[in-house]
Each structure stands twice: as structure tokens, then as C-alpha cells.
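For reference, the structure is listed below as C-alpha cells.
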Amino acid sequence: MRLDSRAPEPTATVGETAPVAPAGEQLEAHGLYRVGLGYGRLIYRVRWLIIAVWLVGLAVSVPFASKIGTVLTGGGFDFNQSESSRAANILAETLHQPPAQLLVVFRSTSVPVTDPAYQLEVRAFVSRAQFFSHVISVAPSPVPGADGLTTFVTVNFDQGPSAVQNQLKDFRALLPTPGSTTPASAYVTGNPAVYDAFTRITQSDTEQAEQRALPLALLVLLVVFGSVAAAAMPLVLALVAVPIALAIIYAIALHSQTSVFVLNVASIVGLGISIDYSLFMTRRFREELANGRSVREAVGWTVATAGEAILFSGLTVMIGFAGLLLIGIQFMSSFGIGGALVVLTSVLAALTLLPALLSVLGHRINALRLPLLGRLTMPRAEGSERQGFWHGWALAVMRRPVLIVLAVTVILIGLGWPIFSLSIGTPTATSLPKSSEARQGLDILSAQYPGATDNPVYVVAQTPDGTSALTAANLAKISDLSQWLATQRHVTGVISLMAPPQAASASPASAPPLTLERLANLYSTGMYITNPALRQLVSATTADGTTVITVNTDAPIDSAAGKQLIDTLRAGDRGAAEGLMVSVGGFQAVSLDFNRYLYGNFPKAILFILLATYVLLLLMFRSAVLPLKAILMNVLSVSAAYGVLVFIFQQGHFATLLGFEPTGFLDSTIPILLFCILFGLSMDYEVFLLSRIREEWLRTGDNRYAVARGLEKTGGVITNAALLFIIIAGSFAFTSIVVAQETGLGMAVAVLVDATIIRTLLVPATMRLLGRWNWWLPGRPLPVERNGS
């Protein structure tokens, strides 16, 4: 039978305290409730079998979930559809630049690099590193650092960063053992080491955040339920669902690159929504028992009502995660797959394991009551004349709906205002804590070798016909291109065949100076091999018809000047004018291409999420208006979260409290991740509230009373669920990785705004203003309200 949007014919006048008919007589006729009721009764019959299946799944999953950190990576940002990627591929394939390298930084507090013992330590490491697996070359620095106490060794590999990351533990065994006889300390850095640091620190931070959050969550649950047995249900569900989901992610990560930051999302979302769902369902089960139902019927009606809301809520969250798959970056895809799996596992546990546990406990769900709290938190039976706080609150809000809407709009605009100064950027090793070895190594290099950690722009030039770059004609084109590059704004230096570094351009006193004409003659005749510096320059930059020009710049990464420089080099068509094929690469270009690719695909994810969410809520509420209103309110809560993140992390407020270094931008992935994740999470509470309002509307036909009654029955649950989620997500704001801090705080702020300002003020006010239009569906008569309000 189809669920009609028309309210049932009333049998009595309903005012603000209208009596409510029993749910069975009013709702069992509707198809969705009838199916849910039958399913709940089935769960009751096979409760022990369901519990046994989940216990077996948990026992099998725990060993794999405990090893998940060994298969996750700190990378996943690569994509091959950009000019910078083409330049990198040319450099690797034609000029044989290594796919990955590690930098081992040696530093002493007092012994100079020239000391024999220091030199012996470095040479011994070089000898061992040369025979390490997949190492293709080892190059010690020819000069010491600025303080004379520092040097470094470059180790090149024939594998990519992820593969090298997996060998780091064995590689570190090659380092000298710290001790009194060791003149210098060694630090391993470079991209593989940075990725490894992100992986290890994220796993450690996640464990510490959970250890902080779970005791607080248990304390709140005890206060909420007033019963140890009831308070244990949400934690039991979370502690079963999350390890099983992590085990599945482990299996996927064995075959597909998966980001380590999935751990943060799995913990926050997995724990948060598991607790939310079980809180909502346990609260409804206790309410049904208080109404005098048998345990079997209480389970059936709990699944038919709360279970339906949980199903649709879980689907909306999974839609958000599915939107990440449309971004086209493995980093985002791993978030999408991992997050959707965590939600799916939590929903399945909430709709099978939790009702089975409630079936076994029955009235013992109220066992082990706490003094005073046990009496205060017991649900009231239907028909109770005493109205709750939230009922009165909703009626008060609905008496002044226009004023409330205006006031809330001003608050939300104020929270979201900083979004207009949003700046995005690509995080580097500076996102790691200063105590990290990889961060320390790069900091030492930056201080002792100015320019060594700069990120130059690489201009790869190729001859169209594949002829050698060392012919006179091609050298003239390279010379003109090099001179044009040197004239661009923010370019501080150019190194190419025709603009060699100072060491290569120097010549003996008896030799003529290395003018452009003499350079061209040396290259074209092959006589450059008599100059060791020129020979090394050709070997490093040129192969057949390909050469690379290094462009040094003073424009910071992700700055407006840096972006403009890349666009100028690409849009100038200078290479084509010179008869060369040119590709622009380097970290500046990679970051620009990555962010443009991300935000070029972001609109597709937004459109998918909005449309899919609207259709899903349309099917649930049988209303064309409520889904649209829910989507608009979600956009407001997400915008508020963006504004707070800009205020804190971009502008640097509360940096000391949270323990981070302001960078002047947000991680470019954060706005996309938070939109996709928060859109579903915020809809959680909307679905919980509106499902109960719809239930009361179907029973009474009084919009005003349905809103008040719905908020009365769910306001406390939503507030408590939000508080628990904020505790879990907020605990990640005090971790040591900025990306995790931004993710955790962003989720906490969005849920706080959503569960307070949106659900308790804006929803009742707009529901009152819309009246019966809340329940309008095209093609069906507009419902008639009982009291005409």
C-alpha cells in the first residue's frame, strides 16, 4: 500500500495539547511501517543467530583491523591528466630522474664535517646504502652546510614513493646507531619519509583521540540513559561496527592505494553515527516499553519507526561519501570508499545486531539504574499530560517564526562570513609536528643549505622532430626561450644548456669566456665533454631531443604570484614560437594543476549529492518541500563550518590552544571532504526530527502539534547525539596533524550548529511558516490541516 501524503481524517479537535492516538491504529496501515514491523518481529525470532553471526565477524575482523596502519599510505594525490604530470613523466622516462629519493641529513652539535670520524661515519653509510634494495645511486653532498657541522646524502630509488615508504624500516637500519662514539645524528627525510610520518602519526593520534573520547562518551551516555545497560548499547554497537569496517578497508587497501587519513574519518564517523543510531533506537525501544508493549512488539515498532529513519539517514551519509568518487583523485576515492563502508557497517549493525540485543535484554534495558538519573531519564508513556521542555520550546518558537528565521539567518551569516576570504593551498612537510624526524631533517636542510628545499619550476622542452637538442639550430631556440623565461616577473634565475650555473660557466684564465656562441659551438661539436661541469650539466638535463630548463622563483607555493607565473609560462606559447614543444612542471605547477582538477570536478560531486539526497528524502517524506528545505539548511550549516575553519586555521586564531602553525590557507582537500561528509552527517538529525514529525502528522493531521510533538520526542535525543558526536570529532582537533585537526573541528562545528541553531530554531520556525505546504507533493491534493494553522 502506498504511503499517502494526505493526513488521516481527524476524530477530535486538536489544540496545542492534542491527545495522540496509539501508533498501531494510525500507522500500521501504511506500507512502510507494516514492512518494518514485520522485519522487526523477524529479528526478534532469530535474535541469537544474529548475535552469533556478528560475534564471529568481529572475531575474524579484529586481527586485520589491528594491522590496517601497515597498508595505508600518506600519498594518493597523483593524477595523470595534467601538464605537470606529463612533464614529470618525461623527466622520469627520458632523463631518467629517479621516481623517489630519500635525503639522509647528518648533523653534529660540535664536530665539523671535515673531522675524520665524521667522514668515516658518512662513508660507511654510503657503502651500506649502495647495496640496499632498489637503490640506483647514492650521492653525498660535495660541500658542508653553512654551519660546517651539517651534510646530507641523496639516495635515489627506481621505485615510487609508496614502495620506498614500505622499505623505510629496513632502510633506517642502515643508519649509524646513535651513541657516544657517533659524531653526528642522522635524519631521514624526503617524500617517502614524509608520507611514512603522516601514516604513523595519524594512527597514533587516532588511538589517543579515541582513548580521550570514549570515556567521556560513556559518561554522557550514563547521564542520558540513567542506566548502565542502556548506556552500554551505543558503545557496544560502535566497538563492533568500527573494527569490522576497518577489516574490510584493510582488504581493499591491500589491492588499492588507500590514504591513512581514512583512519580519522572511520573513527569519527564510525563511532559518531554508531552512537547516534543506537541512541536513537534505544531511546525509542524504551519509549515503546513504557507504552505497555511486549518486548516483541516494542522491537517491531522500534525497527518500523526509528529503524526507517536510520536506514534513510545512513543512505544520505553514504551518498555524501559516494560523491567523493566523482572527484577523480585516489586520495578522495579512498575516503569515499572507506567512509561509505564504515556507514554501511554501522547501519547494518543498527538494523540487525542492535534490535537483536534489545530483544535479549527486554525490560532489562533499564537495569543497573543510577540513583536519581534513573528516574529522571525514564521515557513517559503515551497520553501523559505533562509536556516536556522541547514541546514548550517548539510552541514558543512557532509563535514568532519570522523573528526566529531572521535572527538565525543573521547568526549563520556571521559564522560563515570568513568564507569570503577562503584561500586553499597544498600542505607540505610543515604540516607535520616539529618533533617528527622527517620535518626536522627538512628544517635542517632549509637552514643549512639555502635553496636546497626550494621548489623550482621545470620547463621541459622537446624538439618536434626528435632531433638532438645539441644542434646549433635547436640550441639557438633553447637560448631564446631561456632568455624569455629570465625576464618574467618573480623569476630569480634560470639554469639551462644556454644559461649554465656559475660553476659551469667559469673557464680557465687561458680559455676564452663561455659566450652563447662558444657554448653553442662546444655543445654542437661535442667538445663540452672537456669541461667537467658542462658534461655534468648535459648529463643531468638533456637526452636526445629533450632538455629541461630550471626556473627559480621567489613566488611562494600556491600564492597568486606563483599561479600567475605558471599560467604565464603556459599561455605565452613561447616554446611553439621557438619551434619547441614545452611542458611546465615542478611542485608549483603540480599544486596548481591538482587544485584546479579537484575544484573542476567538485561541481559534479555537489550536483550528484544534492539530486540524490533530494530524491531519497522525497521517497521517504512524500513531500516535495521538506527535502528542498532540508538541503538548504544543510548548506547553511556547512557554510558556517567553513567560516569557522577559515577564522581559526587560515587566520590563525587559537593556534596556541590547538597547537598548530598557521599557514594562511586551508588544505585544498578540506572544503571538498567536509562538504561531502557533512552533508550526509548533518542530514542525520534532519531525518531523525522530520521522520518523527511526519509520524505525528500522519496520526493527528495537525502541523503545529506534529512539529511540537516531534521535537519533544527527538529534541533530547538529537541534542545528546550531537554532544556525543562533538566529543568524538572535537577530540581530533587536538591531534598533531593539521589536516586531522581541520577535519575534526569542521565536523564538530557543523554538527553543533546543525543540532542547536538549525534543528531547534530554524526547523520549527520554517515548518510553522509553511504550514500544510510542508506536505505538498505534485499530483496529489494539498493536505487539509485539522486546525487550519
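Within each chain, counting starts at residue 1; across the C-alpha cells, chains are named A, B, ... in the order shown, with ligands numbered 1 upward in that order.
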Checklist entry - Hey, what's within 12 Å of Leu770 of chain A if we count only C-alpha atoms and toss same-chain stuff fewer than 6 positions away? As a ChimeraX atom specification, please? => result /A:398,401-402,625-626,629,703-704,707,763-764,776,785,788-789
Item to check | Surrounding residues of Ala555 of chain A excluding itself and chain neighbours under 2 positions, 12 Å, only C-alpha atoms, as a list in words | outcome: Asp454, Asn455, Pro456, Val457, Gln488, Arg489, His490, Val491, Thr492, Val551, Asn552, Thr553, Ile557, Asp558, Ser559, Ala560, Ala561, Gly562, Lys563, Gln564, Leu565, Ile566 and Gln588 of chain A
Write out the residues from the selection above, keeping N, CA and C atoms, as a CSV table (one decimal), in the first residue's frame.
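Below you can see selection.csv, which holds the result:
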```csv
chain,number,residue,atom,x,y,z
A,454,ASP,N,64.0,24.6,-2.0
A,454,ASP,CA,63.2,25.4,-2.9
A,454,ASP,C,62.4,24.5,-3.9
A,455,ASN,N,61.4,25.0,-4.4
A,455,ASN,CA,60.6,24.2,-5.4
A,455,ASN,C,60.6,25.0,-6.7
A,456,PRO,N,61.6,24.7,-7.5
A,456,PRO,CA,61.7,25.5,-8.8
A,456,PRO,C,60.6,24.9,-9.8
A,457,VAL,N,60.4,25.7,-10.8
A,457,VAL,CA,59.6,25.3,-11.9
A,457,VAL,C,60.5,24.7,-13.0
A,488,GLN,N,60.7,37.1,-16.9
A,488,GLN,CA,59.3,37.0,-16.3
A,488,GLN,C,59.4,37.5,-14.8
A,489,ARG,N,58.3,38.0,-14.4
A,489,ARG,CA,58.2,38.5,-13.0
A,489,ARG,C,58.3,37.3,-12.1
A,490,HIS,N,59.0,37.6,-10.9
A,490,HIS,CA,59.2,36.6,-9.9
A,490,HIS,C,60.2,35.5,-10.2
A,491,VAL,N,60.8,35.6,-11.4
A,491,VAL,CA,61.8,34.6,-11.8
A,491,VAL,C,63.2,35.2,-11.3
A,492,THR,N,63.9,34.4,-10.4
A,492,THR,CA,65.1,34.9,-9.9
A,492,THR,C,66.4,34.2,-10.5
A,551,VAL,N,63.7,26.9,-13.6
A,551,VAL,CA,63.4,28.3,-13.3
A,551,VAL,C,63.2,28.5,-11.8
A,552,ASN,N,64.1,29.2,-11.2
A,552,ASN,CA,64.0,29.5,-9.8
A,552,ASN,C,63.1,30.8,-9.6
A,553,THR,N,62.2,30.7,-8.6
A,553,THR,CA,61.3,31.8,-8.4
A,553,THR,C,61.2,32.2,-6.9
A,557,ILE,N,54.7,28.9,-2.8
A,557,ILE,CA,53.8,27.9,-3.3
A,557,ILE,C,52.3,28.3,-3.1
A,558,ASP,N,51.5,28.2,-4.1
A,558,ASP,CA,50.0,28.4,-4.0
A,558,ASP,C,49.7,29.9,-3.9
A,559,SER,N,50.7,30.8,-4.0
A,559,SER,CA,50.4,32.2,-3.9
A,559,SER,C,49.8,32.7,-5.3
A,560,ALA,N,49.2,33.9,-5.3
A,560,ALA,CA,48.6,34.4,-6.5
A,560,ALA,C,49.8,34.6,-7.5
A,561,ALA,N,50.9,35.1,-7.0
A,561,ALA,CA,52.1,35.3,-7.9
A,561,ALA,C,52.6,34.0,-8.5
A,562,GLY,N,52.6,33.0,-7.7
A,562,GLY,CA,53.1,31.7,-8.2
A,562,GLY,C,52.1,31.1,-9.3
A,563,LYS,N,50.8,31.2,-9.0
A,563,LYS,CA,49.8,30.7,-10.0
A,563,LYS,C,49.9,31.5,-11.3
A,564,GLN,N,50.1,32.9,-11.2
A,564,GLN,CA,50.2,33.7,-12.4
A,564,GLN,C,51.4,33.4,-13.2
A,565,LEU,N,52.5,33.1,-12.5
A,565,LEU,CA,53.8,32.7,-13.2
A,565,LEU,C,53.6,31.4,-14.0
A,566,ILE,N,53.0,30.4,-13.4
A,566,ILE,CA,52.7,29.2,-14.2
A,566,ILE,C,51.8,29.4,-15.4
A,588,GLN,N,55.3,23.7,-7.9
A,588,GLN,CA,54.4,24.9,-8.2
A,588,GLN,C,53.3,24.5,-9.1
```
Next on the checklist: Can you tell me which residues surround Gly388 of chain A at a distance of at most 7 Å, considering only C-alpha atoms, apart from same-chain residues fewer than 3 positions away, and format the answer as a count of residues only?
Outcome noted: 3
Next on the checklist: List as a list in words the protein and nucleic acid residues near Leu516 of chain A, meaning an atom at most 7 Å away when only C-alpha atoms are counted, but skip any in the same chain fewer than 3 places from it.
Outcome noted: Met498, Leu519 and Ala520 of chain A
Item to check | Those in segment 467-679 of chain A with strand (DSSP E or B) from DSSP, as a list of chain:residue names | outcome: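 Across segment 467-679 of chain A, those assigned strand (DSSP E or B) are A:Val491, A:Thr492, A:Gly493, A:Val494, A:Ile495, A:Ser496, A:Ala499, A:Thr542, A:Ala543, A:Thr546, A:Thr547, A:Val548, A:Ile549, A:Thr550, A:Val551, A:Asn552, A:Thr553, A:Met581, A:Val582, A:Ser583, A:Val584, A:Gly585, A:Leu666, A:Asp667.
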Atoms kept (all heavy atoms) for selection, written as a short mmCIF file (atom, residue, chain, number, x, y, z; two decimals), in the first residue's frame:
```cif
data_model
loop_
_atom_site.label_atom_id
_atom_site.label_comp_id
_atom_site.auth_asym_id
_atom_site.auth_seq_id
_atom_site.Cartn_x
_atom_site.Cartn_y
_atom_site.Cartn_z
N VAL A 491 60.80 35.58 -11.39
CA VAL A 491 61.85 34.62 -11.76
C VAL A 491 63.19 35.18 -11.28
O VAL A 491 63.58 36.29 -11.65
CB VAL A 491 61.87 34.37 -13.28
CG1 VAL A 491 63.11 33.55 -13.66
CG2 VAL A 491 60.61 33.65 -13.71
N THR A 492 63.87 34.41 -10.44
CA THR A 492 65.13 34.87 -9.86
C THR A 492 66.35 34.25 -10.51
O THR A 492 67.47 34.66 -10.23
CB THR A 492 65.16 34.56 -8.35
OG1 THR A 492 64.99 33.14 -8.16
CG2 THR A 492 64.03 35.29 -7.63
N GLY A 493 66.13 33.26 -11.35
CA GLY A 493 67.27 32.63 -12.00
C GLY A 493 66.82 31.53 -12.94
O GLY A 493 65.75 30.92 -12.74
N VAL A 494 67.61 31.29 -13.99
CA VAL A 494 67.31 30.25 -14.97
C VAL A 494 68.57 29.44 -15.21
O VAL A 494 69.66 30.00 -15.39
CB VAL A 494 66.82 30.87 -16.30
CG1 VAL A 494 66.66 29.78 -17.36
CG2 VAL A 494 65.50 31.61 -16.10
N ILE A 495 68.42 28.12 -15.19
CA ILE A 495 69.55 27.22 -15.48
C ILE A 495 69.15 26.35 -16.66
O ILE A 495 68.14 25.64 -16.61
CB ILE A 495 69.89 26.35 -14.26
CG1 ILE A 495 70.34 27.22 -13.08
CG2 ILE A 495 70.98 25.34 -14.62
CD1 ILE A 495 70.59 26.44 -11.81
N SER A 496 69.94 26.41 -17.72
CA SER A 496 69.70 25.59 -18.90
C SER A 496 71.01 25.36 -19.63
O SER A 496 72.07 25.83 -19.18
CB SER A 496 68.70 26.29 -19.84
OG SER A 496 69.32 27.40 -20.48
N ALA A 499 72.19 28.67 -20.38
CA ALA A 499 72.32 29.54 -19.21
C ALA A 499 72.83 28.67 -18.07
O ALA A 499 72.12 28.41 -17.10
CB ALA A 499 70.98 30.18 -18.86
N THR A 542 69.75 16.83 -20.31
CA THR A 542 69.48 16.66 -21.74
C THR A 542 69.66 15.21 -22.17
O THR A 542 70.60 14.53 -21.73
CB THR A 542 70.42 17.56 -22.58
OG1 THR A 542 70.31 18.91 -22.11
CG2 THR A 542 70.04 17.52 -24.05
N ALA A 543 68.74 14.76 -23.02
CA ALA A 543 68.83 13.44 -23.64
C ALA A 543 68.15 13.51 -25.00
O ALA A 543 66.95 13.83 -25.10
CB ALA A 543 68.18 12.37 -22.77
N THR A 546 65.34 16.14 -25.93
CA THR A 546 64.67 16.67 -24.73
C THR A 546 65.69 17.34 -23.83
O THR A 546 66.78 16.81 -23.59
CB THR A 546 63.98 15.54 -23.94
OG1 THR A 546 63.00 14.90 -24.77
CG2 THR A 546 63.29 16.08 -22.69
N THR A 547 65.32 18.52 -23.32
CA THR A 547 66.14 19.20 -22.32
C THR A 547 65.22 19.86 -21.31
O THR A 547 64.07 20.18 -21.61
CB THR A 547 67.07 20.24 -22.97
OG1 THR A 547 67.98 20.74 -21.97
CG2 THR A 547 66.29 21.40 -23.54
N VAL A 548 65.72 20.03 -20.10
CA VAL A 548 64.91 20.66 -19.05
C VAL A 548 65.58 21.95 -18.63
O VAL A 548 66.80 22.03 -18.47
CB VAL A 548 64.72 19.71 -17.85
CG1 VAL A 548 66.05 19.33 -17.22
CG2 VAL A 548 63.81 20.34 -16.80
N ILE A 549 64.75 22.98 -18.46
CA ILE A 549 65.21 24.29 -18.01
C ILE A 549 64.67 24.50 -16.60
O ILE A 549 63.46 24.38 -16.36
CB ILE A 549 64.71 25.41 -18.94
CG1 ILE A 549 65.20 25.15 -20.38
CG2 ILE A 549 65.17 26.78 -18.45
CD1 ILE A 549 64.60 26.12 -21.40
N THR A 550 65.55 24.81 -15.66
CA THR A 550 65.14 25.03 -14.27
C THR A 550 64.93 26.52 -14.05
O THR A 550 65.83 27.33 -14.30
CB THR A 550 66.21 24.51 -13.30
OG1 THR A 550 66.40 23.11 -13.52
CG2 THR A 550 65.79 24.73 -11.85
N VAL A 551 63.73 26.86 -13.57
CA VAL A 551 63.37 28.26 -13.34
C VAL A 551 63.19 28.46 -11.84
O VAL A 551 62.25 27.92 -11.24
CB VAL A 551 62.07 28.63 -14.09
CG1 VAL A 551 61.71 30.09 -13.83
CG2 VAL A 551 62.22 28.36 -15.58
N ASN A 552 64.08 29.21 -11.23
CA ASN A 552 63.96 29.53 -9.81
C ASN A 552 63.07 30.75 -9.63
O ASN A 552 63.12 31.70 -10.43
CB ASN A 552 65.33 29.79 -9.19
CG ASN A 552 66.19 28.54 -9.18
OD1 ASN A 552 65.73 27.47 -8.80
ND2 ASN A 552 67.44 28.66 -9.63
N THR A 553 62.24 30.75 -8.59
CA THR A 553 61.28 31.82 -8.39
C THR A 553 61.17 32.17 -6.92
O THR A 553 61.38 31.31 -6.05
CB THR A 553 59.89 31.41 -8.93
OG1 THR A 553 58.92 32.40 -8.57
CG2 THR A 553 59.45 30.07 -8.36
N MET A 581 58.39 21.98 -28.31
CA MET A 581 57.23 21.54 -27.53
C MET A 581 57.59 21.68 -26.06
O MET A 581 58.58 21.10 -25.61
CB MET A 581 56.86 20.10 -27.87
CG MET A 581 56.47 19.88 -29.32
SD MET A 581 55.94 18.18 -29.65
CE MET A 581 57.43 17.27 -29.26
N VAL A 582 56.78 22.45 -25.34
CA VAL A 582 57.13 22.81 -23.97
C VAL A 582 56.06 22.30 -23.00
O VAL A 582 54.86 22.44 -23.25
CB VAL A 582 57.29 24.33 -23.82
CG1 VAL A 582 57.44 24.73 -22.36
CG2 VAL A 582 58.49 24.81 -24.61
N SER A 583 56.50 21.71 -21.88
CA SER A 583 55.62 21.33 -20.77
C SER A 583 56.18 21.94 -19.50
O SER A 583 57.39 21.90 -19.27
CB SER A 583 55.54 19.81 -20.63
OG SER A 583 55.02 19.21 -21.80
N VAL A 584 55.30 22.50 -18.67
CA VAL A 584 55.72 23.17 -17.44
C VAL A 584 55.36 22.27 -16.26
O VAL A 584 54.20 21.86 -16.10
CB VAL A 584 55.04 24.54 -17.28
CG1 VAL A 584 55.45 25.20 -15.97
CG2 VAL A 584 55.38 25.43 -18.47
N GLY A 585 56.37 21.95 -15.42
CA GLY A 585 56.16 21.09 -14.27
C GLY A 585 56.83 21.64 -13.03
O GLY A 585 57.15 22.83 -12.95
N LEU A 666 43.74 26.98 3.92
CA LEU A 666 43.22 25.67 4.31
C LEU A 666 43.74 24.63 3.32
O LEU A 666 43.93 24.93 2.14
CB LEU A 666 41.68 25.65 4.29
CG LEU A 666 40.93 26.51 5.30
CD1 LEU A 666 39.42 26.26 5.19
CD2 LEU A 666 41.40 26.25 6.72
N ASP A 667 43.96 23.43 3.80
CA ASP A 667 44.30 22.33 2.90
C ASP A 667 43.24 22.26 1.81
O ASP A 667 42.04 22.25 2.08
CB ASP A 667 44.33 21.03 3.71
CG ASP A 667 44.77 19.84 2.90
OD1 ASP A 667 44.45 19.77 1.69
OD2 ASP A 667 45.43 18.95 3.45
#
```
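If you look at atom CA of Ser274 of chain A and atom CA of Met683 of chain A, they are 15.1 Å away from each other.
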Checklist entry - segment 274-514 of chain A: which residues are alpha helix (DSSP H) by DSSP, as a ChimeraX atom specification? => result /A:274-290,295-302,308-323,330-348,354-361,373-376,389-399,401-416,437-448,472-486,502-505
Item to check | Distance criterion (only C-alpha atoms): nearest to Leu354 of chain A out of A:Gly292, A:Gly586, A:Gly314, A:Gly307 | outcome: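 With only C-alpha atoms as the atom set, the closest residue is A:Gly307.
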Next on the checklist: Using only C-alpha atoms for the distances, tell me which of A:Ile529, A:Val126, A:Ala253, A:Ala193 is nearest to Ala438 of chain A.
Outcome noted: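 So, comparing all the options, the nearest one is A:Ala193.
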Item to check | Using only C-alpha atoms: which of A:Gln462, A:Arg369, A:Leu658, A:Glu437 has the shortest distance to Ala740 of chain A | outcome: A:Leu658
Checklist entry - Using only C-alpha atoms, which of A:Ile244, A:Val111, A:Ala266, A:Val135 sits nearest Thr182 of chain A? => result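 Comparing A:Ile244, A:Val111, A:Ala266, A:Val135 against Thr182 of chain A, the winner is A:Val111.
Take the candidates A:Thr258, A:Ser82, A:Ser137, A:Ser359 and check each one against Thr199 of chain A using only C-alpha atoms; the shortest distance goes to A:Thr258.
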Item to check | Nearby residues (only C-alpha atoms) at most 12 Å from Ile693 of chain A, same-chain spacing under 3 positions excluded, as JSON, numbers by chain | outcome: {"A": [305, 309, 391, 394, 621, 626, 686, 687, 688, 689, 690, 696, 697, 698, 699, 700, 701, 702, 703, 704, 705, 706, 707, 708, 709, 710, 711, 712, 713, 714, 715, 763, 764, 767, 774, 775]}
Can you check which parts of segment 346-446 of chain A lie within 8 Å of segment 49-54 of chain A? Per residue, the shortest pair of atoms and distance in Å to one decimal, counting only C-alpha atoms, sorted by chain and number, as a tab-separated table.
```
residue	atom	partner	partner_atom	distance
A:Thr352	CA	A:Ile50	CA	6.9
A:Leu353	CA	A:Ile51	CA	6.0
A:Ala356	CA	A:Ile51	CA	6.7
A:Leu357	CA	A:Ile51	CA	7.3
```
Create the file for the chosen residues now, containing all heavy atoms and written as a CSV table (one decimal), in the first residue's frame.
```
chain,number,residue,atom,x,y,z
A,352,THR,N,20.3,-4.8,12.6
A,352,THR,CA,20.3,-6.2,12.9
A,352,THR,C,20.8,-6.5,14.3
A,352,THR,O,20.0,-7.0,15.2
A,352,THR,CB,21.1,-7.0,11.9
A,352,THR,OG1,22.5,-6.4,11.9
A,352,THR,CG2,20.6,-6.8,10.5
A,353,LEU,N,22.0,-6.2,14.6
A,353,LEU,CA,22.6,-6.5,15.9
A,353,LEU,C,21.9,-5.8,17.0
A,353,LEU,O,21.6,-6.4,18.1
A,353,LEU,CB,24.1,-6.2,15.9
A,353,LEU,CG,24.8,-6.4,17.2
A,353,LEU,CD1,24.8,-7.8,17.6
A,353,LEU,CD2,26.3,-5.9,17.1
A,356,ALA,N,18.5,-7.1,17.9
A,356,ALA,CA,18.7,-8.4,18.5
A,356,ALA,C,19.1,-8.3,19.9
A,356,ALA,O,18.6,-9.1,20.8
A,356,ALA,CB,19.7,-9.2,17.7
A,357,LEU,N,20.0,-7.4,20.2
A,357,LEU,CA,20.5,-7.2,21.6
A,357,LEU,C,19.3,-6.7,22.5
A,357,LEU,O,19.1,-7.1,23.6
A,357,LEU,CB,21.6,-6.2,21.7
A,357,LEU,CG,23.0,-6.7,21.1
A,357,LEU,CD1,24.0,-5.6,21.0
A,357,LEU,CD2,23.5,-7.9,21.9
```
Item to check | Top pick for closest residue to Ser468 of chain A, considering A:Gly148, A:Gly545, A:Pro671, A:Gly652 and counting only C-alpha atoms | outcome: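 Comparing A:Gly148, A:Gly545, A:Pro671, A:Gly652 against Ser468 of chain A, the winner is A:Gly545.
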